[in-house]
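Source file final36.txt; content: compact mmCIF, C-alpha atoms (C1' of nucleotides).
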```
# COMPACT_ATOMS: atom_id res chain seq x y z
CA MET A 568 21.30 -6.91 -25.06
CA ASP A 569 19.18 -5.12 -22.46
CA THR A 570 19.20 -2.73 -25.33
CA ASN A 571 18.34 0.59 -23.77
CA PRO A 572 20.63 1.66 -20.92
CA ALA A 573 18.39 4.57 -19.94
CA ARG A 574 15.47 2.19 -19.64
CA GLU A 575 17.47 -0.04 -17.34
CA ARG A 576 18.61 2.86 -15.20
CA ILE A 577 15.03 4.02 -14.85
CA LEU A 578 13.84 0.57 -13.89
CA ASP A 579 16.68 0.21 -11.41
CA ALA A 580 15.75 3.46 -9.71
CA ALA A 581 12.03 2.70 -9.84
CA GLU A 582 12.50 -0.75 -8.36
CA HIS A 583 14.67 0.50 -5.55
CA LEU A 584 12.35 3.35 -4.66
CA PHE A 585 9.00 1.64 -5.16
CA TYR A 586 10.16 -1.32 -3.13
CA ALA A 587 11.59 0.73 -0.30
CA ARG A 588 8.89 3.38 0.08
CA GLY A 589 5.83 2.11 -1.75
CA ILE A 590 4.53 3.05 -5.15
CA GLN A 591 2.31 5.99 -4.34
CA ALA A 592 4.93 7.57 -2.12
CA VAL A 593 7.43 7.89 -4.99
CA GLY A 594 6.81 10.60 -7.56
CA MET A 595 7.97 10.56 -11.13
CA ASP A 596 10.44 13.37 -10.55
CA VAL A 597 12.05 11.45 -7.72
CA ILE A 598 12.63 8.60 -10.15
CA ARG A 599 13.96 11.08 -12.67
CA ASN A 600 16.44 12.45 -10.17
CA ALA A 601 17.53 9.00 -9.06
CA SER A 602 17.99 7.72 -12.58
CA GLY A 603 19.64 10.85 -13.96
CA VAL A 604 17.41 10.80 -17.00
CA THR A 605 15.34 13.69 -18.22
CA LEU A 606 11.62 13.78 -17.65
CA ARG A 607 11.06 13.82 -21.37
CA ARG A 608 12.95 10.56 -21.88
CA LEU A 609 11.21 9.04 -18.90
CA TYR A 610 7.82 9.66 -20.48
CA GLN A 611 9.06 8.56 -23.89
CA LEU A 612 10.01 5.17 -22.48
CA PHE A 613 7.10 4.84 -20.03
CA PRO A 614 4.13 6.91 -21.20
CA SER A 615 2.54 6.86 -17.76
CA LYS A 616 3.40 5.94 -14.21
CA GLY A 617 1.14 2.93 -14.56
CA ASP A 618 3.30 1.64 -17.40
CA LEU A 619 6.38 2.07 -15.25
CA VAL A 620 4.75 0.20 -12.39
CA LYS A 621 3.78 -2.61 -14.72
CA ALA A 622 7.33 -2.87 -16.05
CA TYR A 623 8.72 -2.76 -12.52
CA LEU A 624 6.54 -5.64 -11.41
CA ALA A 625 7.16 -7.67 -14.56
CA ARG A 626 10.93 -7.38 -14.28
CA ARG A 627 10.94 -8.10 -10.59
CA ASP A 628 8.74 -11.14 -11.08
CA ALA A 629 11.12 -12.60 -13.67
CA ARG A 630 14.30 -11.80 -11.78
CA TRP A 631 13.00 -13.00 -8.44
CA LEU A 632 12.02 -16.39 -9.76
CA GLN A 633 15.22 -16.68 -11.79
CA SER A 634 17.29 -15.96 -8.72
CA LEU A 635 15.40 -18.54 -6.70
CA ALA A 636 15.68 -21.19 -9.41
CA ARG A 637 19.38 -20.51 -9.82
CA HIS A 638 19.94 -21.01 -6.11
CA VAL A 639 17.94 -24.23 -6.10
CA ASP A 640 19.81 -25.54 -9.14
CA MET A 641 23.18 -24.88 -7.55
CA ALA A 642 22.25 -26.21 -4.11
CA THR A 643 22.00 -29.94 -4.58
CA GLU A 644 20.65 -32.60 -6.86
CA ASN A 645 18.78 -34.32 -4.08
CA PRO A 646 15.11 -33.55 -4.88
CA ARG A 647 14.17 -33.16 -1.25
CA GLY A 648 17.15 -30.89 -0.69
CA ARG A 649 16.14 -28.78 -3.67
CA LEU A 650 12.76 -28.10 -2.13
CA LEU A 651 14.26 -27.24 1.24
CA ALA A 652 16.86 -25.02 -0.41
CA VAL A 653 14.02 -22.61 -1.14
CA PHE A 654 13.98 -21.69 2.53
CA ASP A 655 17.73 -21.10 2.63
CA TRP A 656 17.31 -18.72 -0.25
CA LEU A 657 14.46 -17.01 1.60
CA GLU A 658 16.65 -16.60 4.66
CA ASP A 659 19.37 -15.01 2.54
CA TRP A 660 16.81 -12.66 1.12
CA PHE A 661 15.30 -11.77 4.51
CA THR A 662 18.79 -10.97 5.79
CA GLN A 663 19.60 -8.44 3.10
CA PRO A 664 19.60 -4.95 4.57
CA ASP A 665 17.12 -3.60 2.08
CA PHE A 666 14.66 -6.44 2.55
CA HIS A 667 11.19 -5.06 2.91
CA GLY A 668 8.86 -7.97 2.28
CA CYS A 669 7.50 -9.38 -0.92
CA ALA A 670 7.07 -6.64 -3.48
CA PHE A 671 3.91 -8.27 -4.77
CA ILE A 672 2.25 -8.65 -1.40
CA ASN A 673 3.17 -5.04 -0.73
CA SER A 674 1.87 -3.65 -4.00
CA PHE A 675 -1.26 -5.76 -3.71
CA GLY A 676 -1.83 -4.31 -0.28
CA GLU A 677 -1.30 -0.83 -1.59
CA LEU A 678 -3.08 -0.93 -4.93
CA GLY A 679 -4.85 -4.27 -5.20
CA GLY A 680 -8.14 -2.67 -4.24
CA THR A 681 -8.04 -0.02 -6.93
CA SER A 682 -5.79 -1.31 -9.72
CA PRO A 683 -6.81 -4.53 -11.45
CA GLU A 684 -3.46 -4.60 -13.23
CA VAL A 685 -1.48 -4.63 -10.01
CA ALA A 686 -3.79 -7.29 -8.60
CA ALA A 687 -3.28 -9.40 -11.72
CA ALA A 688 0.49 -9.00 -11.53
CA ALA A 689 0.50 -10.20 -7.93
CA ARG A 690 -1.76 -13.14 -8.79
CA HIS A 691 0.48 -14.12 -11.68
CA HIS A 692 3.60 -13.94 -9.56
CA LYS A 693 2.14 -16.03 -6.79
CA ASP A 694 0.68 -18.57 -9.20
CA THR A 695 4.10 -19.03 -10.79
CA PHE A 696 5.81 -19.40 -7.44
CA HIS A 697 3.15 -21.83 -6.27
CA ALA A 698 3.53 -23.92 -9.43
CA TYR A 699 7.29 -23.98 -9.00
CA LEU A 700 7.00 -25.28 -5.46
CA GLN A 701 4.53 -27.93 -6.55
CA GLU A 702 7.01 -29.00 -9.20
CA LEU A 703 9.79 -29.26 -6.64
CA ALA A 704 7.49 -31.14 -4.28
CA THR A 705 6.37 -33.74 -6.80
CA ALA A 706 9.96 -34.16 -7.96
CA ALA A 707 10.78 -34.96 -4.34
CA GLY A 708 8.13 -37.65 -4.27
CA ALA A 709 5.60 -35.63 -2.32
CA SER A 710 2.11 -34.75 -3.42
CA ALA A 711 1.12 -31.54 -5.08
CA ALA A 712 -0.90 -30.80 -1.96
CA THR A 713 2.31 -30.87 0.04
CA GLY A 714 3.70 -28.35 -2.40
CA THR A 715 0.70 -26.14 -1.71
CA GLN A 716 1.24 -26.41 2.02
CA ILE A 717 4.88 -25.53 1.67
CA ALA A 718 3.93 -22.54 -0.46
CA LEU A 719 1.75 -21.34 2.41
CA LEU A 720 4.70 -21.67 4.77
CA ALA A 721 6.88 -19.66 2.40
CA GLU A 722 4.24 -16.94 2.04
CA GLY A 723 3.81 -16.76 5.78
CA ALA A 724 7.56 -16.55 6.25
CA MET A 725 7.74 -13.59 3.86
CA SER A 726 5.00 -11.62 5.60
CA THR A 727 6.32 -12.44 9.03
CA ALA A 728 9.92 -11.58 8.19
CA ALA A 729 8.83 -8.26 6.74
CA ILE A 730 6.61 -7.17 9.60
CA SER A 731 8.71 -8.55 12.43
CA GLY A 732 11.95 -7.30 10.93
CA THR A 733 13.80 -10.53 11.60
CA PRO A 734 14.71 -13.42 9.27
CA ALA A 735 13.86 -16.08 11.85
CA SER A 736 10.67 -17.13 10.11
CA ALA A 737 12.72 -18.70 7.30
CA SER A 738 14.18 -21.39 9.53
CA HIS A 739 10.87 -21.97 11.29
CA ALA A 740 9.21 -22.48 7.94
CA LYS A 741 12.00 -24.76 6.80
CA LEU A 742 11.59 -26.97 9.83
CA ALA A 743 7.85 -27.16 9.26
CA ALA A 744 8.44 -28.02 5.61
CA GLN A 745 10.74 -30.83 6.65
CA LEU A 746 8.01 -32.22 8.88
CA LEU A 747 5.44 -31.99 6.14
CA LEU A 748 7.81 -33.87 3.86
CA THR A 749 8.42 -36.75 6.23
CA PRO A 750 7.07 -39.93 4.71
CA GLY A 751 4.23 -41.35 6.72
CA ASN A 752 2.33 -38.11 6.67
CA ARG A 753 -0.54 -39.23 4.54
CA ASN A 754 -1.48 -36.18 2.66
CA ASP A 755 -3.29 -36.91 -0.55
CA ALA A 756 -6.54 -35.24 0.28
CA PHE A 757 -6.23 -31.99 -1.65
CA PRO A 758 -5.10 -32.60 -5.20
CA SER A 759 -4.44 -28.95 -5.90
CA MET B 287 -21.02 2.98 26.24
CA ASP B 288 -19.10 3.48 23.04
CA THR B 289 -19.76 6.99 24.14
CA ASN B 290 -19.57 9.04 21.02
CA PRO B 291 -21.82 7.87 18.19
CA ALA B 292 -20.23 10.22 15.66
CA ARG B 293 -16.85 8.77 16.47
CA GLU B 294 -18.15 5.27 15.87
CA ARG B 295 -19.78 6.24 12.59
CA ILE B 296 -16.53 7.81 11.43
CA LEU B 297 -14.55 4.74 12.38
CA ASP B 298 -17.07 2.47 10.67
CA ALA B 299 -16.78 4.44 7.45
CA ALA B 300 -13.01 4.70 7.69
CA GLU B 301 -12.60 1.01 8.33
CA HIS B 302 -14.82 0.04 5.43
CA LEU B 303 -13.14 2.42 3.00
CA PHE B 304 -9.53 2.03 4.12
CA TYR B 305 -9.86 -1.72 4.06
CA ALA B 306 -11.53 -1.87 0.66
CA ARG B 307 -9.47 0.69 -1.24
CA GLY B 308 -6.32 1.31 0.75
CA ILE B 309 -5.50 4.18 3.05
CA GLN B 310 -3.94 6.64 0.66
CA ALA B 311 -6.72 6.15 -1.87
CA VAL B 312 -9.37 7.40 0.55
CA GLY B 313 -9.53 11.11 1.24
CA MET B 314 -10.89 12.72 4.35
CA ASP B 315 -13.86 14.18 2.52
CA VAL B 316 -14.84 10.73 1.28
CA ILE B 317 -14.91 9.57 4.87
CA ARG B 318 -16.91 12.65 5.77
CA ASN B 319 -19.50 11.88 3.10
CA ALA B 320 -19.70 8.23 4.07
CA SER B 321 -20.08 8.96 7.76
CA GLY B 322 -22.47 11.89 7.37
CA VAL B 323 -20.49 13.96 9.80
CA THR B 324 -19.17 17.44 9.14
CA LEU B 325 -15.53 18.01 8.33
CA ARG B 326 -15.23 20.16 11.40
CA ARG B 327 -16.37 17.36 13.72
CA LEU B 328 -14.16 14.92 11.91
CA TYR B 329 -11.10 17.00 12.68
CA GLN B 330 -12.28 17.65 16.22
CA LEU B 331 -12.38 13.92 16.91
CA PHE B 332 -9.31 12.99 14.83
CA PRO B 333 -6.96 15.97 14.51
CA SER B 334 -5.18 14.44 11.53
CA LYS B 335 -5.59 11.62 9.09
CA GLY B 336 -2.75 9.83 10.83
CA ASP B 337 -4.76 9.82 14.05
CA LEU B 338 -7.72 8.34 12.22
CA VAL B 339 -5.53 5.65 10.69
CA LYS B 340 -4.11 4.82 14.09
CA ALA B 341 -7.59 4.52 15.59
CA TYR B 342 -8.74 2.43 12.64
CA LEU B 343 -5.91 -0.04 13.09
CA ALA B 344 -6.26 -0.16 16.87
CA ARG B 345 -9.98 -0.89 16.74
CA ARG B 346 -9.59 -3.47 14.00
CA ASP B 347 -6.79 -5.20 15.90
CA ALA B 348 -8.92 -5.54 19.01
CA ARG B 349 -12.08 -6.61 17.19
CA TRP B 350 -10.33 -9.09 14.92
CA LEU B 351 -8.69 -10.92 17.78
CA GLN B 352 -11.87 -10.81 19.86
CA SER B 353 -13.85 -12.32 17.03
CA LEU B 354 -11.29 -15.08 16.57
CA ALA B 355 -11.13 -15.86 20.28
CA ARG B 356 -14.92 -15.91 20.52
CA HIS B 357 -15.10 -18.42 17.69
CA VAL B 358 -12.42 -20.60 19.26
CA ASP B 359 -14.13 -20.47 22.64
CA MET B 360 -17.45 -21.55 21.18
CA ALA B 361 -16.02 -24.26 18.92
CA THR B 362 -14.96 -26.98 21.29
CA GLU B 363 -13.20 -27.63 24.55
CA ASN B 364 -10.80 -30.09 22.99
CA PRO B 365 -7.46 -28.22 23.00
CA ARG B 366 -6.40 -29.60 19.66
CA GLY B 367 -9.78 -28.73 18.17
CA ARG B 368 -9.48 -25.20 19.51
CA LEU B 369 -6.25 -24.70 17.61
CA LEU B 370 -7.68 -26.14 14.42
CA ALA B 371 -10.82 -24.03 14.80
CA VAL B 372 -8.66 -21.03 13.95
CA PHE B 373 -8.58 -22.22 10.36
CA ASP B 374 -12.34 -22.64 10.21
CA TRP B 375 -12.67 -19.07 11.34
CA LEU B 376 -10.17 -18.02 8.69
CA GLU B 377 -12.18 -19.79 6.04
CA ASP B 378 -15.33 -18.00 7.15
CA TRP B 379 -13.47 -14.73 6.93
CA PHE B 380 -12.00 -15.47 3.50
CA THR B 381 -15.47 -16.29 2.23
CA GLN B 382 -17.00 -12.98 3.21
CA PRO B 383 -17.71 -10.91 0.12
CA ASP B 384 -15.77 -7.91 1.34
CA PHE B 385 -12.70 -9.93 2.30
CA HIS B 386 -9.61 -8.22 1.01
CA GLY B 387 -6.73 -9.73 2.91
CA CYS B 388 -5.30 -8.88 6.29
CA ALA B 389 -5.68 -5.18 6.97
CA PHE B 390 -2.32 -5.11 8.72
CA ILE B 391 -0.40 -6.83 5.96
CA ASN B 392 -2.06 -4.44 3.53
CA SER B 393 -1.34 -1.30 5.46
CA PHE B 394 2.20 -2.45 6.14
CA GLY B 395 2.68 -2.97 2.43
CA GLU B 396 1.28 0.45 1.72
CA LEU B 397 2.82 2.55 4.48
CA GLY B 398 5.27 0.37 6.36
CA GLY B 399 8.16 1.92 4.49
CA THR B 400 7.28 5.50 5.34
CA SER B 401 5.22 5.38 8.54
CA PRO B 402 6.83 3.90 11.63
CA GLU B 403 3.47 4.04 13.42
CA VAL B 404 1.76 1.86 10.84
CA ALA B 405 4.68 -0.54 10.91
CA ALA B 406 4.46 -0.72 14.70
CA ALA B 407 0.72 -1.35 14.59
CA ALA B 408 1.23 -4.24 12.19
CA ARG B 409 4.01 -5.67 14.32
CA HIS B 410 1.88 -5.45 17.44
CA HIS B 411 -1.06 -7.13 15.76
CA LYS B 412 1.03 -9.99 14.44
CA ASP B 413 2.85 -10.44 17.71
CA THR B 414 -0.46 -10.75 19.52
CA PHE B 415 -1.83 -13.21 17.00
CA HIS B 416 1.38 -15.21 17.15
CA ALA B 417 1.29 -15.34 20.94
CA TYR B 418 -2.34 -16.46 20.87
CA LEU B 419 -1.52 -19.34 18.54
CA GLN B 420 1.41 -20.36 20.72
CA GLU B 421 -0.92 -20.37 23.69
CA LEU B 422 -3.41 -22.60 21.85
CA ALA B 423 -0.58 -24.87 20.71
CA THR B 424 0.93 -25.39 24.13
CA ALA B 425 -2.54 -25.92 25.58
CA ALA B 426 -2.91 -28.68 22.99
CA GLY B 427 0.28 -30.30 24.19
CA ALA B 428 2.41 -29.13 21.30
CA SER B 429 5.54 -27.03 21.54
CA ALA B 430 5.64 -23.29 21.16
CA ALA B 431 7.65 -23.90 17.99
CA THR B 432 4.68 -25.75 16.55
CA GLY B 433 2.58 -22.70 17.36
CA THR B 434 5.04 -20.60 15.42
CA GLN B 435 4.84 -22.91 12.43
CA ILE B 436 1.06 -22.86 12.52
CA ALA B 437 1.18 -19.07 12.66
CA LEU B 438 3.21 -19.10 9.47
CA LEU B 439 0.58 -21.28 7.83
CA ALA B 440 -2.15 -18.88 8.91
CA GLU B 441 -0.23 -15.88 7.59
CA GLY B 442 0.39 -17.61 4.31
CA ALA B 443 -3.26 -18.55 4.05
CA MET B 444 -4.26 -14.89 4.51
CA SER B 445 -1.93 -13.60 1.80
CA THR B 446 -2.82 -16.38 -0.56
CA ALA B 447 -6.55 -16.04 -0.07
CA ALA B 448 -6.35 -12.32 -0.70
CA ILE B 449 -4.25 -12.45 -3.83
CA SER B 450 -5.79 -15.56 -5.35
CA GLY B 451 -9.31 -14.47 -4.52
CA THR B 452 -10.34 -17.89 -3.23
CA PRO B 453 -10.73 -19.21 0.32
CA ALA B 454 -9.12 -22.56 -0.50
CA SER B 455 -5.90 -21.77 1.32
CA ALA B 456 -7.71 -22.02 4.64
CA SER B 457 -8.39 -25.74 4.29
CA HIS B 458 -4.93 -26.39 2.90
CA ALA B 459 -3.41 -24.65 5.88
CA LYS B 460 -5.69 -26.54 8.25
CA LEU B 461 -4.58 -29.85 6.83
CA ALA B 462 -0.94 -28.87 7.17
CA ALA B 463 -1.55 -27.76 10.74
CA GLN B 464 -3.08 -31.13 11.53
CA LEU B 465 0.02 -32.83 10.20
CA LEU B 466 2.29 -30.59 12.22
CA LEU B 467 0.27 -31.45 15.30
CA THR B 468 0.49 -35.21 14.90
CA PRO B 469 2.43 -36.68 17.79
CA GLY B 470 5.66 -38.28 16.70
CA ASN B 471 6.77 -35.19 14.88
CA ARG B 472 9.70 -34.31 17.05
CA ASN B 473 9.76 -30.58 16.98
CA ASP B 474 11.49 -29.07 19.95
CA ALA B 475 14.32 -27.39 18.15
CA PHE B 476 13.10 -23.78 18.11
CA PRO B 477 11.91 -22.69 21.49
CA SER B 478 10.37 -19.49 20.19
C1' DA C 1306 25.94 29.57 -43.59
C1' DT C 1307 21.15 28.25 -42.75
C1' DA C 1308 17.20 25.98 -41.71
C1' DC C 1309 15.39 22.05 -39.48
C1' DT C 1310 15.30 18.55 -35.97
C1' DA C 1311 16.09 16.62 -31.61
C1' DT C 1312 17.34 17.20 -26.91
C1' DG C 1313 18.10 18.94 -22.09
C1' DA C 1314 16.41 21.50 -18.22
C1' DG C 1315 12.90 22.84 -15.85
C1' DA C 1316 8.71 25.77 -15.61
C1' DA C 1317 3.84 25.34 -15.87
C1' DC C 1318 -0.79 23.26 -15.66
C1' DG C 1319 -4.50 20.90 -13.72
C1' DC C 1320 -5.93 18.06 -10.28
C1' DT C 1321 -6.24 15.92 -5.70
C1' DC C 1322 -5.92 16.04 -0.94
C1' DG C 1323 -5.08 17.35 3.95
C1' DT C 1324 -6.24 21.05 6.56
C1' DT C 1325 -8.17 25.54 7.84
C1' DC C 1326 -11.22 29.52 7.30
C1' DT C 1327 -15.55 32.05 6.31
C1' DC C 1328 -19.99 33.05 7.14
C1' DA C 1329 -24.63 32.58 8.01
C1' DC C 1330 -27.72 30.46 11.36
C1' DG C 1331 -29.80 28.84 15.69
C1' DC C 1332 -29.98 28.94 20.48
C1' DA C 1333 -28.99 30.09 25.32
C1' DA C 1334 -27.96 33.92 28.87
C1' DG C 1335 -28.80 38.46 30.43
C1' DC D 678 -34.65 41.68 22.34
C1' DT D 679 -29.91 41.13 21.74
C1' DT D 680 -25.54 39.62 22.31
C1' DG D 681 -22.47 36.10 21.79
C1' DC D 682 -21.14 31.40 21.04
C1' DG D 683 -21.13 26.91 19.04
C1' DT D 684 -22.38 24.56 14.75
C1' DG D 685 -23.17 23.20 9.80
C1' DA D 686 -21.88 23.53 5.08
C1' DG D 687 -18.70 24.25 2.06
C1' DA D 688 -15.24 27.37 0.04
C1' DA D 689 -10.40 28.28 0.21
C1' DC D 690 -5.51 27.47 0.79
C1' DG D 691 -1.18 25.33 0.14
C1' DA D 692 1.38 21.55 -1.13
C1' DG D 693 2.40 17.53 -3.98
C1' DC D 694 2.09 14.98 -8.10
C1' DG D 695 1.35 13.24 -12.93
C1' DT D 696 1.83 15.11 -17.19
C1' DT D 697 2.79 18.51 -20.80
C1' DC D 698 4.87 22.65 -22.69
C1' DT D 699 8.46 26.21 -23.53
C1' DC D 700 12.62 27.57 -25.08
C1' DA D 701 17.26 27.84 -25.78
C1' DT D 702 20.94 24.96 -27.69
C1' DA D 703 23.57 21.62 -30.36
C1' DG D 704 24.03 18.89 -34.20
C1' DT D 705 23.10 17.91 -39.17
C1' DA D 706 21.84 17.96 -43.93
C1' DT D 707 21.86 20.93 -47.96
```
Full structure transcribed into structure tokens:
Amino acid sequence: MDTNPARERILDAAEHLFYARGIQAVGMDVIRNASGVTLRRLYQLFPSKGDLVKAYLARRDARWLQSLARHVDMATENPRGRLLAVFDWLEDWFTQPDFHGCAFINSFGELGGTSPEVAAAARHHKDTFHAYLQELATAAGASAATGTQIALLAEGAMSTAAISGTPASASHAKLAAQLLLTPGNRNDAFPS
Amino acid sequence: MDTNPARERILDAAEHLFYARGIQAVGMDVIRNASGVTLRRLYQLFPSKGDLVKAYLARRDARWLQSLARHVDMATENPRGRLLAVFDWLEDWFTQPDFHGCAFINSFGELGGTSPEVAAAARHHKDTFHAYLQELATAAGASAATGTQIALLAEGAMSTAAISGTPASASHAKLAAQLLLTPGNRNDAFPS
DNA sequence: ATACTATGAGAACGCTCGTTCTCACGCAAG
DNA sequence: CTTGCGTGAGAACGAGCGTTCTCATAGTAT
């Protein structure tokens, strides 16, 4: 199905290395060594490093959101609980030993100023995540603006967990999200 | 006072270029051209690029927090208003034409995986910012945990403003902060 | 068997970048 | 005047990296 096994091995190695060390710090031959493929095949499948970076970000975007949605779907059917389950998933993520922040925030920080494609990939990823949280928020009876606020908490938790090196920001953000979701907080001012 | 004018010109050029394009994308000779100083002087004042990066981050850390504190001090004497003024300052920042996200989040994303010094600089900056918000929060009668939550909102607003390219996240975060500050939100669970 | 094609392994090329070196020049001390 | 020393400008060096090329080999069709 994922037809080409060499392609997958390359993307696995690229994702692991790019995410851990940054994109510019990882050379093509390092990826070749890690994936066990020959340089010729590597360039047949990804004609330039930019193509490989694009494929890395695209696959990570899809998988990340799939993993989150799967967790939310398996957590509970209570709409409010589904929204809060996002933060449990974040805490799981932050606790993984190879956690190193959001790959899109990182690559935007590294290349957003010089590569419009990387900047667009980050924007797309965050837009999708933002829309997903708004969907969960409105399903829970809250406003879309509350979804936006909760997205800000999630983003802040990612940055903070990465830089501080601890997963504590996930539970802090979850508690704040709970407060923002309490009925009685009139919060219809910002429709987007 | 800032004794060495060449040193300041170098740091001005480095800050502008590093912040706009990323650290690895800017070579030492580009900084030399932009600052008008000779390569020899550049290396006399900063023996390696790593030293220049360290000085860039240290100066930006100090100036950024000074600018924020100055704005807060001039905004109002109402403790709650002082905390909320942080988000007005953020919105001003996000609106500046050269805004490109938080320099520390960016440099952490670029070099945090390979340079412990850059990672430590980012951690220090965020710790200081976090402590300042906690101070404003407790002065406003809120808990330190509320300060932490508001810090997460501010962090999320920075990332989101950078990647989306709009300053709207500042007002969204401000509104959320106001809600988190409303009395009646019992919020003593997380002492830090 | 032979000629052609595709592949593996890695050398090679061209470029960039951090860092250092060369060399001519100006200026102060004797 | 001249001797030496610090300085300016830029060339040079060495390493790393993205990308391409070489060449020997293995498999295949005729």
Per residue of segment 295-390 of chain B within 12 Å of segment 1323-1334 of chain C, which atom pair is closest and at what distance in Å (one decimal), using all atoms listed in the file, listed by chain and increasing number, as a tab-separated table?
```
residue	atom	partner	partner_atom	distance
B:Gln310	CA	C:DG1323	C1'	11.3
B:Val312	CA	C:DG1323	C1'	11.4
B:Gly313	CA	C:DG1323	C1'	8.1
B:Met314	CA	C:DG1323	C1'	7.4
B:Asp315	CA	C:DG1323	C1'	9.4
B:Leu325	CA	C:DT1324	C1'	9.9
B:Arg326	CA	C:DT1325	C1'	9.6
B:Leu328	CA	C:DT1324	C1'	11.4
B:Tyr329	CA	C:DT1324	C1'	8.8
B:Gln330	CA	C:DT1324	C1'	11.9
B:Phe332	CA	C:DT1324	C1'	11.9
B:Pro333	CA	C:DT1324	C1'	9.5
B:Ser334	CA	C:DG1323	C1'	8.1
B:Lys335	CA	C:DG1323	C1'	7.7
B:Gly336	CA	C:DG1323	C1'	10.5
```
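Going from atom CA of His583 of chain A to atom CA of Ser682 of chain A covers 21.0 Å.
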Provide as a PDB file with C-alpha atoms, in the coordinates of the input the residues of chain B at most 7 Å from chain A, counting only C-alpha atoms.
```pdb
ATOM      1  CA  ALA B 306     -11.530  -1.870   0.660  1.00  0.00           C
ATOM      2  CA  ARG B 307      -9.470   0.690  -1.240  1.00  0.00           C
ATOM      3  CA  GLY B 308      -6.320   1.310   0.750  1.00  0.00           C
ATOM      4  CA  ILE B 391      -0.400  -6.830   5.960  1.00  0.00           C
ATOM      5  CA  ASN B 392      -2.060  -4.440   3.530  1.00  0.00           C
ATOM      6  CA  SER B 393      -1.340  -1.300   5.460  1.00  0.00           C
ATOM      7  CA  GLY B 395       2.680  -2.970   2.430  1.00  0.00           C
ATOM      8  CA  GLU B 396       1.280   0.450   1.720  1.00  0.00           C
ATOM      9  CA  LEU B 397       2.820   2.550   4.480  1.00  0.00           C
ATOM     10  CA  GLY B 399       8.160   1.920   4.490  1.00  0.00           C
ATOM     11  CA  THR B 400       7.280   5.500   5.340  1.00  0.00           C
ATOM     12  CA  ALA B 408       1.230  -4.240  12.190  1.00  0.00           C
ATOM     13  CA  ARG B 409       4.010  -5.670  14.320  1.00  0.00           C
ATOM     14  CA  GLN B 435       4.840 -22.910  12.430  1.00  0.00           C
ATOM     15  CA  LEU B 438       3.210 -19.100   9.470  1.00  0.00           C
ATOM     16  CA  LEU B 439       0.580 -21.280   7.830  1.00  0.00           C
ATOM     17  CA  GLU B 441      -0.230 -15.880   7.590  1.00  0.00           C
ATOM     18  CA  GLY B 442       0.390 -17.610   4.310  1.00  0.00           C
ATOM     19  CA  ALA B 443      -3.260 -18.550   4.050  1.00  0.00           C
ATOM     20  CA  ILE B 449      -4.250 -12.450  -3.830  1.00  0.00           C
ATOM     21  CA  SER B 450      -5.790 -15.560  -5.350  1.00  0.00           C
ATOM     22  CA  HIS B 458      -4.930 -26.390   2.900  1.00  0.00           C
ATOM     23  CA  ALA B 459      -3.410 -24.650   5.880  1.00  0.00           C
ATOM     24  CA  ALA B 462      -0.940 -28.870   7.170  1.00  0.00           C
ATOM     25  CA  LEU B 465       0.020 -32.830  10.200  1.00  0.00           C
ATOM     26  CA  LEU B 466       2.290 -30.590  12.220  1.00  0.00           C
ATOM     27  CA  ASN B 471       6.770 -35.190  14.880  1.00  0.00           C
TER      28      ASN B 471
END
```
For this session: For chain D, list the residues within 10 Å of chain A, counting only C-alpha atoms (C1' of nucleotides), and write the list as a PyMOL selection string.
Result: chain D and resi 693-697
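The gap separating atom CA of Leu584 of chain A from atom CA of Trp660 of chain A is 17.6 Å, in Å to one decimal.
The spacing separating atom CA of Gln633 of chain A from atom CA of Arg647 of chain A amounts to 19.6 Å.
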Got a sec: who's within 8 Å of Asp359 of chain B, counting only C-alpha atoms (C1' of nucleotides), leaving out chain neighbours fewer than 4 positions off, as a PDB file with C-alpha atoms, keeping the file's coordinate frame?
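selection30.pdb, written as the output of this step:
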```pdb
ATOM      1  CA  ALA B 355     -11.130 -15.860  20.280  1.00  0.00           C
ATOM      2  CA  GLU B 363     -13.200 -27.630  24.550  1.00  0.00           C
ATOM      3  CA  ARG B 368      -9.480 -25.200  19.510  1.00  0.00           C
TER       4      ARG B 368
END
```
Can you tell me, as a PDB file with C-alpha atoms (C1' of nucleotides), in the coordinates of the input, what residues are no more than 12 Å from DA706 of chain D when counting all atoms listed in the file, ignoring any on the same chain fewer than 5 positions away?
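Okay, this is what ended up in selection-v7.pdb:
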```pdb
ATOM      1  C1'  DT C1307      21.150  28.250 -42.750  1.00  0.00           C
ATOM      2  C1'  DA C1308      17.200  25.980 -41.710  1.00  0.00           C
ATOM      3  C1'  DC C1309      15.390  22.050 -39.480  1.00  0.00           C
ATOM      4  C1'  DT C1310      15.300  18.550 -35.970  1.00  0.00           C
TER       5       DT C1310
END
```
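In this comparison, which uses only C-alpha atoms (C1' of nucleotides), the residue of B:Leu297, B:Val316, B:Asn290, B:Lys340 approaching chain C most closely is B:Val316.
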For this session: Tell me which protein, DNA and RNA residues are within 9 Å of segment 1311-1315 of chain C, counting only C-alpha atoms (C1' of nucleotides), leaving out same-chain ones fewer than 6 positions away, and put them as a PyMOL selection string.
Result: (chain A and resi 605+607) or (chain D and resi 702-704)
Problem set entry | 12 Å contact set for DG1335 of chain C, all atoms listed in the file, chain neighbours under 3 positions out, as a ChimeraX atom specification | /D:678-681
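Within 12 Å of Arg356 of chain B, once all atoms listed in the file are used and residues closer than 6 positions along the same chain are dropped, the contacting residues are Arg349, Trp350, Thr362, Arg368, Ala371, Val372 and Trp375 of chain B.
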Would you give the centre and edge lengths, in Å to one decimal, of a box along x, y and z around the listed atoms of segment 1316-1328 of chain C, with 4 Å added to each side, as JSON?
```
{"center_x": -5.6, "center_y": 24.5, "center_z": -4.0, "size_x": 36.7, "size_y": 25.1, "size_z": 31.7}
```
